[in-house]
$ cat input_1.txt   # compact mmCIF, C-alpha atoms
# COMPACT_ATOMS: atom_id res chain seq x y z
CA MET A 109 20.90 1.27 -2.28
CA ASN A 110 17.23 0.62 -1.62
CA GLN A 111 16.56 -2.96 -0.60
CA HIS A 112 13.45 -4.48 -2.21
CA ALA A 113 13.69 -7.83 -0.45
CA GLU A 114 11.80 -9.79 2.11
CA ALA A 115 12.91 -9.20 5.69
CA GLU A 116 14.38 -12.66 5.88
CA ILE A 117 15.37 -15.06 3.15
CA GLN A 118 12.79 -17.80 2.79
CA PRO A 119 13.14 -21.06 0.89
CA ASN A 120 13.98 -20.38 -2.76
CA ARG A 121 13.51 -16.62 -2.31
CA PRO A 122 16.82 -14.86 -2.92
CA ALA A 123 17.46 -11.33 -1.73
CA PHE A 124 16.76 -8.84 -4.51
CA ALA A 125 18.50 -5.46 -4.33
CA VAL A 126 17.94 -2.64 -6.82
CA LYS A 127 18.85 0.99 -7.25
CA ASP A 128 16.12 3.61 -6.83
CA ALA A 129 16.59 4.69 -10.46
CA ILE A 130 14.52 1.72 -11.65
CA SER A 131 10.77 2.30 -11.68
CA PRO A 132 8.56 -0.18 -9.81
CA GLU A 133 6.98 -1.30 -13.09
CA GLU A 134 10.34 -1.94 -14.71
CA LEU A 135 11.58 -3.66 -11.57
CA ASP A 136 8.59 -6.01 -11.62
CA ARG A 137 9.19 -6.80 -15.29
CA LEU A 138 12.92 -7.40 -14.78
CA THR A 139 12.38 -9.46 -11.63
CA ASP A 140 9.74 -11.64 -13.29
CA GLY A 141 11.99 -12.12 -16.33
CA ILE A 142 15.04 -12.97 -14.23
CA ILE A 143 13.12 -15.49 -12.12
CA ALA A 144 11.65 -17.09 -15.26
CA ALA A 145 15.17 -17.31 -16.75
CA LEU A 146 16.58 -18.85 -13.57
CA LYS A 147 13.82 -21.46 -13.66
CA THR A 148 15.13 -22.68 -17.03
CA VAL A 149 18.45 -23.78 -15.50
CA PHE A 150 18.60 -27.30 -14.06
CA ASP A 151 21.29 -29.34 -12.40
CA PRO A 152 21.43 -32.35 -14.77
CA GLU A 153 21.37 -34.74 -11.80
CA ILE A 154 18.36 -33.17 -10.04
CA PRO A 155 14.86 -32.87 -11.58
CA ALA A 156 14.21 -29.38 -10.17
CA ASP A 157 15.35 -25.97 -11.36
CA ILE A 158 18.02 -24.00 -9.49
CA TYR A 159 15.56 -21.32 -8.38
CA GLU A 160 13.18 -23.79 -6.71
CA LEU A 161 16.15 -25.63 -5.20
CA GLY A 162 17.13 -22.38 -3.49
CA LEU A 163 20.56 -22.17 -5.12
CA ILE A 164 20.19 -18.45 -5.90
CA TYR A 165 21.16 -16.41 -2.85
CA ARG A 166 21.24 -12.83 -4.16
CA VAL A 167 20.22 -10.86 -7.25
CA ASP A 168 21.42 -7.26 -7.45
CA ILE A 169 20.21 -5.03 -10.31
CA ASP A 170 22.05 -1.72 -10.67
CA GLU A 171 20.76 1.46 -12.34
CA SER A 172 22.34 0.46 -15.66
CA ARG A 173 20.38 -2.83 -15.49
CA PHE A 174 23.54 -4.88 -14.92
CA VAL A 175 22.71 -7.93 -12.79
CA ASN A 176 25.01 -9.51 -10.19
CA ILE A 177 23.98 -12.92 -8.91
CA ASP A 178 25.33 -14.94 -5.99
CA MET A 179 24.55 -18.62 -6.28
CA THR A 180 25.66 -21.85 -4.72
CA LEU A 181 25.53 -25.56 -5.44
CA THR A 182 23.96 -28.43 -3.54
CA ALA A 183 27.52 -29.65 -2.91
CA PRO A 184 30.89 -27.98 -3.58
CA GLY A 185 32.04 -31.01 -5.59
CA CYS A 186 29.13 -30.81 -8.03
CA PRO A 187 30.29 -32.09 -11.46
CA VAL A 188 28.79 -29.06 -13.27
CA ALA A 189 30.27 -26.46 -10.88
CA GLY A 190 32.30 -24.88 -13.68
CA GLU A 191 29.44 -24.84 -16.17
CA MET A 192 26.39 -23.88 -14.14
CA PRO A 193 27.37 -20.21 -13.58
CA VAL A 194 27.70 -19.83 -17.35
CA TRP A 195 24.25 -21.36 -17.84
CA VAL A 196 22.83 -18.87 -15.32
CA GLN A 197 24.66 -15.98 -16.95
CA ASN A 198 23.40 -16.90 -20.42
CA ALA A 199 19.81 -17.41 -19.25
CA VAL A 200 19.59 -14.09 -17.38
CA ALA A 201 21.45 -12.16 -20.10
CA ALA A 202 18.64 -13.10 -22.52
CA VAL A 203 16.03 -11.25 -20.41
CA PRO A 204 14.94 -8.08 -22.25
CA GLY A 205 16.35 -5.00 -20.52
CA VAL A 206 19.24 -6.76 -18.79
CA ALA A 207 22.49 -5.00 -19.73
CA GLY A 208 24.83 -7.73 -18.54
CA VAL A 209 25.26 -10.42 -15.91
CA GLU A 210 27.97 -11.53 -13.53
CA VAL A 211 27.55 -14.72 -11.52
CA ALA A 212 29.56 -15.44 -8.38
CA MET A 213 29.71 -18.88 -6.83
CA VAL A 214 29.46 -18.70 -3.04
CA PHE A 215 29.38 -21.38 -0.38
CA ASP A 216 28.54 -19.29 2.67
CA PRO A 217 26.05 -20.04 3.97
CA PRO A 218 26.22 -23.65 2.87
CA TRP A 219 23.15 -24.84 0.98
CA ASP A 220 20.83 -27.22 2.77
CA GLN A 221 17.44 -28.73 2.00
CA SER A 222 15.60 -26.07 4.01
CA ARG A 223 16.21 -23.66 1.09
CA MET A 224 14.09 -25.77 -1.29
CA SER A 225 10.60 -24.69 -2.22
CA GLU A 226 7.59 -26.95 -1.77
CA GLU A 227 7.62 -27.44 -5.56
CA ALA A 228 11.19 -28.77 -5.42
CA ARG A 229 10.36 -31.00 -2.44
CA ILE A 230 7.45 -32.52 -4.38
CA ALA A 231 9.60 -33.05 -7.48
CA LEU A 232 12.27 -34.75 -5.42
CA ASP A 233 9.86 -36.54 -3.06
CA MET A 234 11.71 -35.03 -0.07
CA TRP A 235 9.49 -34.46 2.95

$ encode --input "input_1.txt" --output "structure tokens"
Amino acid sequence: MNQHAEAEIQPNRPAFAVKDAISPEELDRLTDGIIAALKTVFDPEIPADIYELGLIYRVDIDESRFVNIDMTLTAPGCPVAGEMPVWVQNAVAAVPGVAGVEVAMVFDPPWDQSRMSEEARIALDMW
């Protein structure tokens, strides 16, 4: 598998992995669409989207355009823990070209505020 990811994970920048069978142009289109879809999903208690919060850890796109996503929550006891993966799955599945989506909830490494983007920090007034 060819890794098209930044050398180290930065705040709100999940690792993206794709198979070589996807052209760079299609990869850009899929990646942009997936990120836009992820930005439509919000934790109802937090006024920032899950992408900017840094809750998406990994996005893997295989040659059939099936997408596997590892995500976490701000806290394991989050009241929408059972629903949020379905929201993510539905949002990403609507991206043109995506064949299917599987979302796994992970808690390692634990989420912390350092994963938030500047946009999320501004929205939450957390400096």

$ closest_residue --input "input_1.txt" --among "A:Val196, A:Val209, A:Cys186, A:Leu138" --to "Phe150 (chain A)" --atoms "all atoms listed in the file"
A:Val196

$ closest_residue --input "input_1.txt" --among "A:Gly162, A:Pro184, A:Pro204, A:Pro193" --to "Glu227 (chain A)" --atoms "all atoms listed in the file"
A:Gly162

$ atom_distance --input "input_1.txt" --atom1 "CA of Glu133 (chain A)" --atom2 "CA of Glu160 (chain A)"
24.2 Å

$ closest_residue --input "input_1.txt" --among "A:Ile177, A:Leu135, A:Leu161, A:Val149" --to "Glu191 (chain A)" --atoms "only C-alpha atoms"
A:Val149

$ residues_around --input "input_1.txt" --residues "Tyr159 (chain A)" --least-positions-apart "3" --cutoff "7 Å" --atoms "only C-alpha atoms" --output "MDAnalysis selection string"
chainID A and resid 120 146:147 162:164

$ closest_residue --input "input_1.txt" --among "A:Ile169, A:Met192, A:Ala231, A:Ile158" --to "Gly208 (chain A)" --atoms "only C-alpha atoms"
A:Ile169

$ residues_around --input "input_1.txt" --residues "Val194 (chain A)" --least-positions-apart "3" --cutoff "12 Å" --atoms "all atoms listed in the file" --output "list in words"
Leu146, Val149, Ile177, Met179, Val188, Ala189, Gly190, Glu191, Gln197, Asn198, Ala199, Val200, Ala201, Val209, Glu210, Val211, Ala212 and Met213 of chain A

$ atom_distance --input "input_1.txt" --atom1 "CA of Thr180 (chain A)" --atom2 "CA of Val167 (chain A)"
12.5 Å

$ closest_residue --input "input_1.txt" --among "A:Gln221, A:Asp216, A:Trp195, A:Ala144" --to "Thr182 (chain A)" --atoms "only C-alpha atoms"
A:Gln221

$ atom_distance --input "input_1.txt" --atom1 "CA of Gly205 (chain A)" --atom2 "CA of Arg173 (chain A)"
6.8 Å

$ closest_residue --input "input_1.txt" --among "A:Ala228, A:Leu181, A:Ile143, A:Ala202" --to "Val214 (chain A)" --atoms "all atoms listed in the file"
A:Leu181
